[in-house]
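K.L.:
Sharing coords12.tsv (TSV, C-alpha atoms) below.
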chain	number	residue	atom	x	y	z
A	1	MET	CA	-28.35	9.85	16.91
A	2	THR	CA	-31.40	9.55	19.22
A	3	LYS	CA	-30.23	6.14	20.48
A	4	LEU	CA	-26.76	7.52	21.03
A	5	ARG	CA	-28.09	10.47	23.01
A	6	ARG	CA	-30.25	8.21	25.14
A	7	ALA	CA	-27.34	5.89	25.86
A	8	PHE	CA	-24.64	8.46	26.64
A	9	GLY	CA	-26.37	11.79	27.11
A	10	ALA	CA	-26.21	14.90	24.93
A	11	PRO	CA	-22.69	16.19	25.85
A	12	LEU	CA	-20.93	12.83	25.48
A	13	SER	CA	-22.90	12.03	22.31
A	14	ALA	CA	-21.80	15.33	20.77
A	15	LEU	CA	-18.19	14.55	21.66
A	16	ILE	CA	-18.45	11.07	20.13
A	17	VAL	CA	-19.95	12.46	16.90
A	18	PHE	CA	-17.27	15.17	16.77
A	19	LEU	CA	-14.40	12.69	17.21
A	20	ALA	CA	-15.99	10.30	14.68
A	21	GLY	CA	-16.27	13.18	12.20
A	22	ILE	CA	-12.61	14.07	12.67
A	23	TRP	CA	-11.68	10.42	12.18
A	24	ILE	CA	-13.77	9.96	9.03
A	25	LEU	CA	-13.08	13.30	7.39
A	26	GLY	CA	-9.57	14.07	8.60
A	27	LEU	CA	-7.96	10.64	8.66
A	28	ILE	CA	-9.87	8.73	5.97
A	29	ALA	CA	-11.63	10.98	3.45
A	30	ALA	CA	-9.25	13.96	3.29
A	31	PRO	CA	-6.04	11.98	2.50
A	32	GLN	CA	-7.84	10.02	-0.21
A	33	ILE	CA	-9.31	13.17	-1.77
A	34	ILE	CA	-5.91	14.88	-1.74
A	35	MET	CA	-4.27	11.83	-3.32
A	36	ILE	CA	-6.94	11.61	-6.05
A	37	GLU	CA	-6.68	15.33	-6.80
A	38	GLN	CA	-2.89	15.28	-6.93
A	39	SER	CA	-2.79	12.31	-9.29
A	40	PHE	CA	-4.57	14.27	-12.04
A	41	TRP	CA	-2.23	17.26	-12.39
A	42	THR	CA	1.42	18.10	-12.82
A	43	MET	CA	3.52	21.25	-12.72
A	44	GLN	CA	4.85	22.21	-16.15
A	45	ARG	CA	6.88	25.07	-17.52
A	46	PRO	CA	4.71	27.82	-19.04
A	47	GLU	CA	4.19	28.17	-22.76
A	48	GLY	CA	6.97	30.11	-24.43
A	49	ALA	CA	9.52	29.06	-21.77
A	50	ALA	CA	11.99	28.10	-24.50
A	51	GLU	CA	11.73	31.53	-26.11
A	52	LEU	CA	12.24	33.15	-22.72
A	53	SER	CA	15.42	31.11	-22.22
A	54	VAL	CA	16.78	32.32	-25.55
A	55	LYS	CA	15.94	35.92	-24.65
A	56	ILE	CA	17.60	35.58	-21.24
A	57	ASP	CA	20.77	34.18	-22.87
A	58	ALA	CA	20.82	37.12	-25.25
A	59	LEU	CA	20.53	39.56	-22.35
A	60	TYR	CA	23.44	37.87	-20.54
A	61	ASN	CA	25.48	38.26	-23.73
A	62	ARG	CA	24.47	41.91	-23.75
A	63	LEU	CA	25.84	42.23	-20.19
A	64	ASP	CA	29.21	40.92	-21.38
A	65	VAL	CA	29.25	43.54	-24.15
A	66	LEU	CA	28.32	46.30	-21.70
A	67	ALA	CA	31.19	45.25	-19.43
A	68	LEU	CA	33.59	45.78	-22.34
A	69	ASP	CA	31.92	49.11	-23.18
A	70	HIS	CA	32.31	50.19	-19.56
A	71	ALA	CA	36.03	49.45	-19.63
A	72	ALA	CA	36.48	51.30	-22.94
A	73	ALA	CA	34.33	54.35	-22.04
A	74	PRO	CA	36.29	57.61	-22.70
A	75	ASP	CA	34.77	59.61	-19.82
A	76	GLU	CA	32.59	59.46	-16.74
A	77	ALA	CA	29.39	60.34	-18.59
A	78	ALA	CA	29.81	57.45	-21.00
A	79	ARG	CA	30.47	55.05	-18.11
A	80	ALA	CA	27.34	56.29	-16.33
A	81	ALA	CA	25.26	55.64	-19.44
A	82	VAL	CA	26.67	52.13	-19.72
A	83	ASP	CA	25.96	51.47	-16.02
A	84	ALA	CA	22.38	52.66	-16.42
A	85	GLU	CA	21.83	50.32	-19.37
A	86	ARG	CA	23.47	47.45	-17.46
A	87	ASP	CA	21.12	47.98	-14.50
A	88	ALA	CA	18.11	47.97	-16.84
A	89	VAL	CA	19.29	44.73	-18.47
A	90	GLN	CA	19.82	43.06	-15.07
A	91	THR	CA	16.34	44.08	-13.94
A	92	GLU	CA	14.84	42.65	-17.10
A	93	ILE	CA	16.78	39.39	-16.64
A	94	LYS	CA	15.44	38.96	-13.10
A	95	ALA	CA	11.85	39.53	-14.24
A	96	LEU	CA	12.20	37.06	-17.12
A	97	GLU	CA	13.83	34.42	-14.89
A	98	VAL	CA	10.94	34.62	-12.45
A	99	GLU	CA	8.48	34.21	-15.32
A	100	GLU	CA	10.48	31.34	-16.78
A	101	SER	CA	10.81	29.42	-13.51
A	102	THR	CA	7.18	29.78	-12.38
A	103	PRO	CA	5.56	26.38	-13.11
A	104	VAL	CA	1.98	26.10	-14.29
A	105	LYS	CA	-0.48	23.59	-12.78
A	106	THR	CA	-1.73	21.48	-15.69
A	107	TRP	CA	-4.54	18.93	-15.43
A	108	THR	CA	-3.54	15.75	-17.21
A	109	LEU	CA	-3.63	11.94	-17.20
A	110	SER	CA	0.08	11.74	-17.95
A	111	ASN	CA	0.87	10.62	-14.40
A	112	TYR	CA	-0.87	7.34	-15.10
A	113	GLY	CA	0.98	7.09	-18.40
A	114	GLN	CA	4.25	6.83	-16.46
A	115	MET	CA	3.26	3.25	-15.66
A	116	GLY	CA	4.93	1.60	-18.62
A	117	LYS	CA	5.13	-2.08	-19.46
A	118	ALA	CA	7.74	-2.80	-16.80
A	119	HIS	CA	5.73	-1.15	-14.04
A	120	LEU	CA	2.49	-2.75	-15.25
A	121	ALA	CA	4.21	-6.14	-15.06
A	122	ILE	CA	5.29	-5.42	-11.48
A	123	PHE	CA	1.75	-4.25	-10.67
A	124	ALA	CA	0.25	-7.46	-12.10
A	125	LYS	CA	2.84	-9.58	-10.28
A	126	THR	CA	2.02	-7.87	-6.98
A	127	ILE	CA	-1.73	-8.44	-7.39
A	128	LEU	CA	-1.29	-12.09	-8.40
A	129	ALA	CA	1.16	-12.72	-5.57
A	130	SER	CA	-1.24	-11.09	-3.09
A	131	LEU	CA	-4.03	-13.35	-4.35
A	132	ALA	CA	-1.74	-16.35	-3.90
A	133	VAL	CA	-0.86	-15.25	-0.34
A	134	THR	CA	-4.58	-14.89	0.40
A	135	ALA	CA	-5.35	-18.35	-0.96
A	136	ILE	CA	-2.47	-19.95	0.97
A	137	ALA	CA	-3.51	-18.16	4.17
A	138	PHE	CA	-7.09	-19.43	3.77
A	139	VAL	CA	-5.95	-23.02	3.15
A	140	VAL	CA	-3.70	-22.86	6.22
A	141	CYS	CA	-6.07	-21.00	8.53
A	142	TYR	CA	-9.42	-22.66	7.78
A	143	PRO	CA	-8.54	-26.00	9.41
A	144	ILE	CA	-6.97	-24.18	12.36
A	145	ALA	CA	-10.03	-21.97	12.88
A	146	PHE	CA	-12.44	-24.90	12.53
A	147	ALA	CA	-10.44	-27.07	14.93
A	148	ILE	CA	-10.28	-24.31	17.55
A	149	ALA	CA	-13.95	-23.41	17.21
A	150	LYS	CA	-15.52	-26.87	17.00
A	151	LEU	CA	-13.10	-29.67	17.80
A	152	GLU	CA	-11.11	-28.48	20.78
A	153	PRO	CA	-12.48	-28.04	24.32
A	154	PRO	CA	-12.72	-24.39	25.46
A	155	ARG	CA	-9.61	-24.52	27.67
A	156	ARG	CA	-7.39	-25.99	24.97
A	157	ALA	CA	-8.87	-23.64	22.35
A	158	ALA	CA	-7.98	-20.66	24.54
A	159	MET	CA	-4.39	-21.95	24.86
A	160	ILE	CA	-4.09	-22.37	21.08
A	161	MET	CA	-5.40	-18.84	20.47
A	162	LEU	CA	-2.96	-17.50	23.05
A	163	ALA	CA	-0.12	-19.34	21.31
A	164	LEU	CA	-1.13	-17.69	18.04
A	165	VAL	CA	-1.31	-14.22	19.57
A	166	ILE	CA	1.88	-14.20	21.66
A	167	PRO	CA	4.34	-13.96	18.71
A	168	TYR	CA	2.53	-10.81	17.57
A	169	ALA	CA	3.78	-9.01	20.65
A	170	ILE	CA	7.08	-8.86	18.76
A	171	ASN	CA	7.55	-6.13	16.17
A	172	GLU	CA	6.63	-7.19	12.63
A	173	LEU	CA	10.07	-6.31	11.26
A	174	LEU	CA	11.74	-8.54	13.83
A	175	ARG	CA	9.48	-11.44	12.87
A	176	VAL	CA	10.30	-10.91	9.19
A	177	PHE	CA	14.04	-10.76	9.89
A	178	ALA	CA	13.68	-13.97	11.89
A	179	TRP	CA	12.17	-15.71	8.87
A	180	GLN	CA	14.95	-14.33	6.70
A	181	MET	CA	17.51	-15.97	8.99
A	182	ILE	CA	15.52	-19.24	9.06
A	183	LEU	CA	15.28	-19.44	5.25
A	184	ASN	CA	18.80	-18.16	4.51
A	185	TYR	CA	21.43	-20.39	2.90
A	186	GLY	CA	23.07	-20.91	6.28
A	187	GLY	CA	19.80	-20.98	8.18
A	188	PRO	CA	18.43	-23.87	10.26
A	189	LEU	CA	16.01	-25.02	7.54
A	190	ASN	CA	18.75	-25.48	4.95
A	191	ALA	CA	20.91	-27.06	7.64
A	192	ALA	CA	18.15	-29.62	8.33
A	193	LEU	CA	17.71	-30.29	4.61
A	194	GLY	CA	21.46	-30.75	4.29
A	195	LEU	CA	21.33	-33.62	6.78
A	196	VAL	CA	19.20	-35.59	4.30
A	197	GLY	CA	21.27	-34.57	1.29
A	198	ILE	CA	19.09	-31.72	0.02
A	199	GLY	CA	20.11	-28.16	-0.55
A	200	PRO	CA	20.99	-25.53	-0.04
A	201	VAL	CA	17.64	-24.33	-1.38
A	202	PRO	CA	17.45	-20.63	-2.43
A	203	PHE	CA	14.23	-19.88	-0.57
A	204	LEU	CA	14.85	-16.13	-0.52
A	205	GLU	CA	15.99	-15.73	-4.12
A	206	SER	CA	13.10	-17.82	-5.47
A	207	GLY	CA	10.46	-15.67	-3.75
A	208	THR	CA	9.27	-18.52	-1.54
A	209	GLY	CA	10.35	-16.58	1.51
A	210	VAL	CA	7.99	-13.72	0.64
A	211	PHE	CA	4.97	-16.05	0.67
A	212	VAL	CA	6.07	-17.76	3.90
A	213	ALA	CA	6.72	-14.47	5.71
A	214	MET	CA	3.51	-12.86	4.49
A	215	VAL	CA	1.31	-15.79	5.46
A	216	TYR	CA	2.95	-15.79	8.87
A	217	ALA	CA	2.72	-12.00	9.23
A	218	TYR	CA	-0.98	-11.84	8.40
A	219	ILE	CA	-2.23	-15.21	9.62
A	220	LEU	CA	-4.23	-13.69	12.50
A	221	PHE	CA	-6.18	-11.51	10.08
A	222	MET	CA	-7.46	-14.72	8.47
A	223	VAL	CA	-7.80	-16.90	11.57
A	224	PHE	CA	-9.80	-14.54	13.79
A	225	PRO	CA	-12.60	-13.72	11.30
A	226	LEU	CA	-12.97	-17.42	10.49
A	227	TYR	CA	-12.92	-18.40	14.16
A	228	ASN	CA	-15.45	-15.75	15.14
A	229	VAL	CA	-18.00	-16.88	12.57
A	230	LEU	CA	-17.39	-20.62	12.97
A	231	GLU	CA	-17.89	-20.33	16.71
A	232	THR	CA	-21.49	-19.25	16.03
A	233	LEU	CA	-22.19	-22.38	13.98
A	234	ASP	CA	-24.54	-24.76	15.79
A	235	THR	CA	-22.73	-28.07	16.24
A	236	ASN	CA	-26.08	-29.85	15.93
A	237	GLN	CA	-26.16	-28.92	12.24
A	238	ILE	CA	-22.89	-30.76	11.70
A	239	GLU	CA	-24.14	-33.78	13.66
A	240	ALA	CA	-27.42	-33.78	11.72
A	241	ALA	CA	-25.57	-33.72	8.41
A	242	ARG	CA	-23.37	-36.60	9.57
A	243	ASP	CA	-26.42	-38.58	10.71
A	244	LEU	CA	-27.95	-38.11	7.26
A	245	GLY	CA	-24.91	-39.74	5.69
A	246	ALA	CA	-22.89	-36.70	4.63
A	247	GLY	CA	-19.14	-37.17	4.49
A	248	THR	CA	-16.57	-34.73	5.86
A	249	ILE	CA	-16.14	-32.93	2.53
A	250	GLN	CA	-19.91	-32.61	2.05
A	251	ILE	CA	-20.34	-31.28	5.59
A	252	HIS	CA	-17.80	-28.55	5.02
A	253	ARG	CA	-19.06	-27.75	1.53
A	254	ARG	CA	-22.79	-27.72	2.34
A	255	VAL	CA	-22.86	-26.64	6.00
A	256	VAL	CA	-19.65	-25.09	7.34
A	257	LEU	CA	-18.43	-23.04	4.39
A	258	PRO	CA	-21.83	-21.41	3.63
A	259	HIS	CA	-22.09	-20.40	7.28
A	260	ALA	CA	-18.51	-19.08	7.27
A	261	ARG	CA	-18.93	-16.83	4.19
A	262	PRO	CA	-18.79	-13.51	6.11
A	263	GLY	CA	-15.64	-14.61	7.93
A	264	ILE	CA	-14.08	-15.82	4.69
A	265	ALA	CA	-14.85	-12.49	3.05
A	266	VAL	CA	-13.34	-10.46	5.90
A	267	GLY	CA	-10.26	-12.67	6.16
A	268	CYS	CA	-9.59	-12.64	2.43
A	269	ILE	CA	-10.14	-8.88	2.14
A	270	MET	CA	-7.84	-8.04	5.04
A	271	THR	CA	-5.12	-10.48	3.99
A	272	PHE	CA	-5.20	-9.35	0.35
A	273	MET	CA	-5.09	-5.64	1.17
A	274	LEU	CA	-2.28	-6.07	3.70
A	275	SER	CA	-0.29	-8.19	1.24
A	276	ALA	CA	-0.80	-5.84	-1.70
A	277	GLY	CA	0.13	-2.85	0.44
A	278	SER	CA	3.12	-4.45	2.16
A	279	TYR	CA	6.48	-2.74	1.75
A	280	ALA	CA	8.84	-4.17	4.35
A	281	VAL	CA	8.09	-7.89	3.95
A	282	PRO	CA	8.95	-8.33	0.22
A	283	TYR	CA	11.92	-5.97	0.47
A	284	ILE	CA	13.47	-7.71	3.48
A	285	MET	CA	12.74	-11.26	2.34
A	286	THR	CA	14.39	-10.70	-1.07
A	287	ARG	CA	17.20	-8.51	0.34
A	288	GLY	CA	16.13	-5.87	-2.17
A	289	THR	CA	17.65	-7.90	-5.05
A	290	ALA	CA	14.49	-9.32	-6.65
A	291	ASP	CA	11.92	-7.49	-8.75
A	292	PRO	CA	10.33	-4.85	-6.52
A	293	TRP	CA	6.84	-5.08	-5.08
A	294	PHE	CA	4.53	-2.39	-6.45
A	295	THR	CA	4.51	-0.62	-3.09
A	296	GLN	CA	8.25	-0.13	-3.47
A	297	LEU	CA	7.62	1.73	-6.73
A	298	VAL	CA	5.12	3.95	-4.95
A	299	TYR	CA	7.65	4.64	-2.19
A	300	ASN	CA	10.36	5.44	-4.74
A	301	ARG	CA	8.12	7.91	-6.57
A	302	PHE	CA	7.27	9.72	-3.35
A	303	PHE	CA	10.58	9.80	-1.51
A	304	GLN	CA	13.37	9.13	-4.01
A	305	ALA	CA	12.14	10.63	-7.27
A	306	THR	CA	10.17	13.23	-5.22
A	307	ASN	CA	7.43	13.05	-7.82
A	308	TRP	CA	4.35	13.04	-5.60
A	309	ASN	CA	1.95	13.33	-8.53
A	310	VAL	CA	3.11	10.09	-10.13
A	311	GLY	CA	3.31	8.46	-6.68
A	312	ALA	CA	-0.31	9.48	-6.03
A	313	ALA	CA	-1.35	8.01	-9.41
A	314	TYR	CA	0.38	4.72	-8.60
A	315	ALA	CA	-1.12	4.61	-5.11
A	316	LEU	CA	-4.61	5.36	-6.47
A	317	SER	CA	-4.27	2.54	-9.00
A	318	LEU	CA	-3.50	0.12	-6.18
A	319	LEU	CA	-6.40	1.50	-4.12
A	320	VAL	CA	-8.84	1.00	-7.00
A	321	VAL	CA	-7.78	-2.64	-7.43
A	322	CYS	CA	-8.06	-3.31	-3.67
A	323	THR	CA	-11.51	-1.70	-3.59
A	324	GLY	CA	-12.56	-3.77	-6.57
A	325	PHE	CA	-11.36	-6.91	-4.75
A	326	ILE	CA	-13.61	-6.04	-1.80
A	327	PHE	CA	-16.72	-5.85	-3.99
A	328	LEU	CA	-15.65	-8.96	-5.92
A	329	MET	CA	-15.41	-10.99	-2.71
A	330	MET	CA	-18.75	-9.66	-1.53
A	331	ARG	CA	-20.33	-10.70	-4.83
A	332	LEU	CA	-18.69	-14.13	-5.02
A	333	LEU	CA	-19.54	-15.01	-1.42
A	334	LYS	CA	-22.94	-13.28	-1.58
A	335	VAL	CA	-22.40	-11.22	1.55
A	336	ARG	CA	-23.32	-7.63	2.34
A	337	LEU	CA	-21.53	-4.93	4.24
A	338	ARG	CA	-23.86	-5.63	7.15
A	339	ASP	CA	-22.72	-9.27	7.22
A	340	ILE	CA	-19.07	-8.23	7.09
A	341	ALA	CA	-19.54	-5.70	9.88
A	342	LYS	CA	-20.85	-8.44	12.17
Take the structure in the file and write it out as structure tokens.

P.N.:
Amino acid sequence: MTKLRRAFGAPLSALIVFLAGIWILGLIAAPQIIMIEQSFWTMQRPEGAAELSVKIDALYNRLDVLALDHAAAPDEAARAAVDAERDAVQTEIKALEVEESTPVKTWTLSNYGQMGKAHLAIFAKTILASLAVTAIAFVVCYPIAFAIAKLEPPRRAAMIMLALVIPYAINELLRVFAWQMILNYGGPLNAALGLVGIGPVPFLESGTGVFVAMVYAYILFMVFPLYNVLETLDTNQIEAARDLGAGTIQIHRRVVLPHARPGIAVGCIMTFMLSAGSYAVPYIMTRGTADPWFTQLVYNRFFQATNWNVGAAYALSLLVVCTGFIFLMMRLLKVRLRDIAK
């Protein structure tokens, strides 16, 4: 805080701290706390609701009897007595209906129990597919990042980075729809395969399209962290290793990859979390006909089944796995939060 005040002055420092507090508490912490709290309770009918329903039905039957008594009443006094009893019965019915329909907030783990075998299978498939997307993205992006950072001259490297960034000026949905058209039965890829006697290949129905579109959609989130950390690698270390007789594989395994661990961690974490939390890409690339991604189940619980408690439980389960993946990557690559922040 002292450094901040010296750099920006007291008024501007207070404003920065205030806005940061709103960001952290209002946009990060508060939604997570609300989601966690909501996942552990449900609204249930109060105890004795069944007995109340029986009593209400009996009172409605009593109203039917009173209507007959009112019609058969011999004089005005008898009809007045029947009307008074009918009013009392109607008042009692209204009070009992309010009591019957008032739900009770009950703390329970049953929201997590809604995730049966079918949903657990979808959850596992989503996590495994996200891991596969992350691995494919790393295999594709590592050579690109290394070539841009160490093999290409600065001018050509800048042109390559610009070529990678320009497509991202287009909306993500449009890029995904473009890949759907490319991989469709009548798309250009199947047309090219048909010229050599192959196809048509069901890229979309087989799920291949999901991996292709996701790797393409999130490639920058893997390339940039790798490029940023590889750019700081001293080229003399690579030359020294080569002079000592190390081959290309040994150089990457003993010199480049250890240096790139923070970038690998950031790229894998971002790609995995974006893939696991993606909704539009798997839905569009499978035309909604394949097994749903787990995020589609979360969406359905929130906005179609309107069961926000179960939706919060599903979303929290996904959040826990993603958080666990972050710490797993940090442990496997032996990096700290400070290294990732750099």

K.L.:
Would you kindly return, as a PyMOL selection string, each protein, DNA or RNA residue with an atom no farther than 9 Å from any atom of Arg175 (chain A), considering all atoms listed in the file and excluding same-chain residues fewer than 6 positions away?

P.N.:
chain A and resi 167-168+213+216-217

K.L.:
Atoms to include: C-alpha atoms. Write the selected residues as a PDB file, in the frame of the given file.

P.N.:
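Below is the file that was written, result-v2.pdb:
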ATOM      1  CA  PRO A 167       4.340 -13.960  18.710  1.00  0.00           C
ATOM      2  CA  TYR A 168       2.530 -10.810  17.570  1.00  0.00           C
ATOM      3  CA  ALA A 213       6.720 -14.470   5.710  1.00  0.00           C
ATOM      4  CA  TYR A 216       2.950 -15.790   8.870  1.00  0.00           C
ATOM      5  CA  ALA A 217       2.720 -12.000   9.230  1.00  0.00           C
TER       6      ALA A 217
END

K.L.:
Pick out the residues sitting within 9 Å of Leu96 (chain A), and hand them over as a JSON list (two decimals) with C-alpha atoms, in the frame of the given file; count only C-alpha atoms, and ignore anything fewer than 5 positions along from it in its own chain.

P.N.:
[["chain", "number", "residue", "atom", "x", "y", "z"],
["A", 52, "LEU", "CA", 12.24, 33.15, -22.72],
["A", 53, "SER", "CA", 15.42, 31.11, -22.22],
["A", 55, "LYS", "CA", 15.94, 35.92, -24.65],
["A", 56, "ILE", "CA", 17.60, 35.58, -21.24],
["A", 91, "THR", "CA", 16.34, 44.08, -13.94],
["A", 101, "SER", "CA", 10.81, 29.42, -13.51]]

K.L.:
So how far away is CA of Gly113 (chain A) from CA of Thr286 (chain A), in Å?

P.N.:
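Separating CA of Thr286 (chain A) from CA of Gly113 (chain A) is a distance of 28.2 Å.
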
K.L.:
With 12 Å as the threshold, what does the neighbourhood of (-19.1, -16.8, 9.1) contain in terms of residues, counting all atoms listed in the file? Coordinates are those of the file; answer as a compact mmCIF listing (two decimals) with C-alpha atoms, in the coordinates of the input.

P.N.:
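out18.txt, written as the output of this step:
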# COMPACT_ATOMS: atom_id res chain seq x y z
CA TYR A 142 -9.42 -22.66 7.78
CA ALA A 145 -10.03 -21.97 12.88
CA PHE A 146 -12.44 -24.90 12.53
CA ALA A 149 -13.95 -23.41 17.21
CA MET A 222 -7.46 -14.72 8.47
CA VAL A 223 -7.80 -16.90 11.57
CA PHE A 224 -9.80 -14.54 13.79
CA PRO A 225 -12.60 -13.72 11.30
CA LEU A 226 -12.97 -17.42 10.49
CA TYR A 227 -12.92 -18.40 14.16
CA ASN A 228 -15.45 -15.75 15.14
CA VAL A 229 -18.00 -16.88 12.57
CA LEU A 230 -17.39 -20.62 12.97
CA GLU A 231 -17.89 -20.33 16.71
CA THR A 232 -21.49 -19.25 16.03
CA LEU A 233 -22.19 -22.38 13.98
CA ASP A 234 -24.54 -24.76 15.79
CA VAL A 255 -22.86 -26.64 6.00
CA VAL A 256 -19.65 -25.09 7.34
CA LEU A 257 -18.43 -23.04 4.39
CA PRO A 258 -21.83 -21.41 3.63
CA HIS A 259 -22.09 -20.40 7.28
CA ALA A 260 -18.51 -19.08 7.27
CA ARG A 261 -18.93 -16.83 4.19
CA PRO A 262 -18.79 -13.51 6.11
CA GLY A 263 -15.64 -14.61 7.93
CA ILE A 264 -14.08 -15.82 4.69
CA ALA A 265 -14.85 -12.49 3.05
CA VAL A 266 -13.34 -10.46 5.90
CA GLY A 267 -10.26 -12.67 6.16
CA LEU A 333 -19.54 -15.01 -1.42
CA LYS A 334 -22.94 -13.28 -1.58
CA VAL A 335 -22.40 -11.22 1.55
CA ASP A 339 -22.72 -9.27 7.22
CA ILE A 340 -19.07 -8.23 7.09
CA ALA A 341 -19.54 -5.70 9.88
CA LYS A 342 -20.85 -8.44 12.17

K.L.:
Around (-5.9, -8.9, 3.8), as given in the file, which residues come within 12 Å? Count all atoms listed in the file and list them as number ranges by chain.

P.N.:
A: 127, 130-138, 214-215, 217-223, 225, 264-278, 322-323, 325-326, 329

K.L.:
CA of Ala315 (chain A) and CA of Val298 (chain A), how far apart in Å?

P.N.:
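Distance reported for this atom pair: 6.3 Å.
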
K.L.:
What is the distance between CA of His252 (chain A) and CA of Thr208 (chain A), in Å to one decimal?

P.N.:
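A separation of 29.6 Å between them.
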
K.L.:
Would you mind telling me which residue in A:Asp64, A:Glu172, A:Glu37, A:Asp57 lies nearest to Tyr279 (chain A) when using all atoms listed in the file?

P.N.:
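Looking only at the distances to Tyr279 (chain A), the closest residue turns out to be A:Glu172.
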
K.L.:
When you count all atoms listed in the file, which of these residues is closest to Phe177 (chain A): A:Leu328, A:Ala29, A:Val65, A:Ala280?

P.N.:
A:Ala280

K.L.:
Please report, as JSON, the centre and edge lengths in Å to one decimal of an axis-aligned box covering all listed atoms of region 162-177 of chain A with 5 Å per side.

P.N.:
{"center_x": 5.5, "center_y": -12.7, "center_z": 16.1, "size_x": 27.0, "size_y": 23.2, "size_z": 23.9}

K.L.:
Using all atoms listed in the file, pick whichever of A:Ala157, A:Ile36, A:Val281, A:Ala77 has the shortest atom-to-atom distance to Asn309 (chain A).

P.N.:
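Among the listed residues, the smallest separation from Asn309 (chain A) belongs to A:Ile36.
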
K.L.:
Just checking: using all atoms listed in the file, which residue out of A:Val17, A:Met35, A:Leu4, A:Leu204 ends up closest to Ala313 (chain A)?

P.N.:
A:Met35

K.L.:
For a quick check of understanding, using only C-alpha atoms, which of A:Ala178, A:Leu297, A:Leu319, A:Ala67 has the smallest distance to Ala121 (chain A)?

P.N.:
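Under the stated criterion, the closest residue is A:Leu297.
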
K.L.:
Would you kindly return, as a VMD selection string, each protein, DNA or RNA residue with an atom no farther than 9 Å from any atom of Ser110 (chain A), considering all atoms listed in the file and excluding same-chain residues fewer than 4 positions away?

P.N.:
chain A and resid 40 to 42 114 310

K.L.:
Please output region 139-153 of chain A, rebuilt to include N, CA and C atoms, as a compact mmCIF listing (two decimals), in the frame of the given file.

P.N.:
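For reference, rebuild38.txt as written:
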# COMPACT_ATOMS: atom_id res chain seq x y z
N VAL A 139 -6.15 -21.58 3.06
CA VAL A 139 -5.95 -23.02 3.15
C VAL A 139 -5.31 -23.40 4.48
N VAL A 140 -4.38 -22.58 4.96
CA VAL A 140 -3.70 -22.86 6.22
C VAL A 140 -4.60 -22.58 7.42
N CYS A 141 -5.34 -21.48 7.35
CA CYS A 141 -6.07 -21.00 8.53
C CYS A 141 -7.44 -21.64 8.72
N TYR A 142 -8.07 -22.08 7.65
CA TYR A 142 -9.42 -22.66 7.78
C TYR A 142 -9.43 -23.88 8.69
N PRO A 143 -8.54 -24.85 8.48
CA PRO A 143 -8.54 -26.00 9.41
C PRO A 143 -8.23 -25.60 10.84
N ILE A 144 -7.31 -24.63 11.01
CA ILE A 144 -6.97 -24.18 12.36
C ILE A 144 -8.19 -23.55 13.03
N ALA A 145 -8.87 -22.65 12.31
CA ALA A 145 -10.03 -21.97 12.88
C ALA A 145 -11.15 -22.96 13.19
N PHE A 146 -11.38 -23.92 12.30
CA PHE A 146 -12.44 -24.90 12.53
C PHE A 146 -12.11 -25.79 13.72
N ALA A 147 -10.84 -26.20 13.81
CA ALA A 147 -10.44 -27.07 14.93
C ALA A 147 -10.58 -26.33 16.26
N ILE A 148 -10.17 -25.08 16.30
CA ILE A 148 -10.28 -24.31 17.55
C ILE A 148 -11.73 -24.08 17.93
N ALA A 149 -12.56 -23.78 16.92
CA ALA A 149 -13.95 -23.41 17.21
C ALA A 149 -14.83 -24.62 17.53
N LYS A 150 -14.56 -25.76 16.89
CA LYS A 150 -15.52 -26.87 17.00
C LYS A 150 -14.94 -28.18 17.52
N LEU A 151 -13.66 -28.38 17.43
CA LEU A 151 -13.10 -29.67 17.80
C LEU A 151 -12.40 -29.67 19.15
N GLU A 152 -11.86 -28.54 19.54
CA GLU A 152 -11.11 -28.48 20.78
C GLU A 152 -12.01 -28.03 21.94
N PRO A 153 -11.75 -28.54 23.15
CA PRO A 153 -12.48 -28.04 24.32
C PRO A 153 -12.10 -26.58 24.58
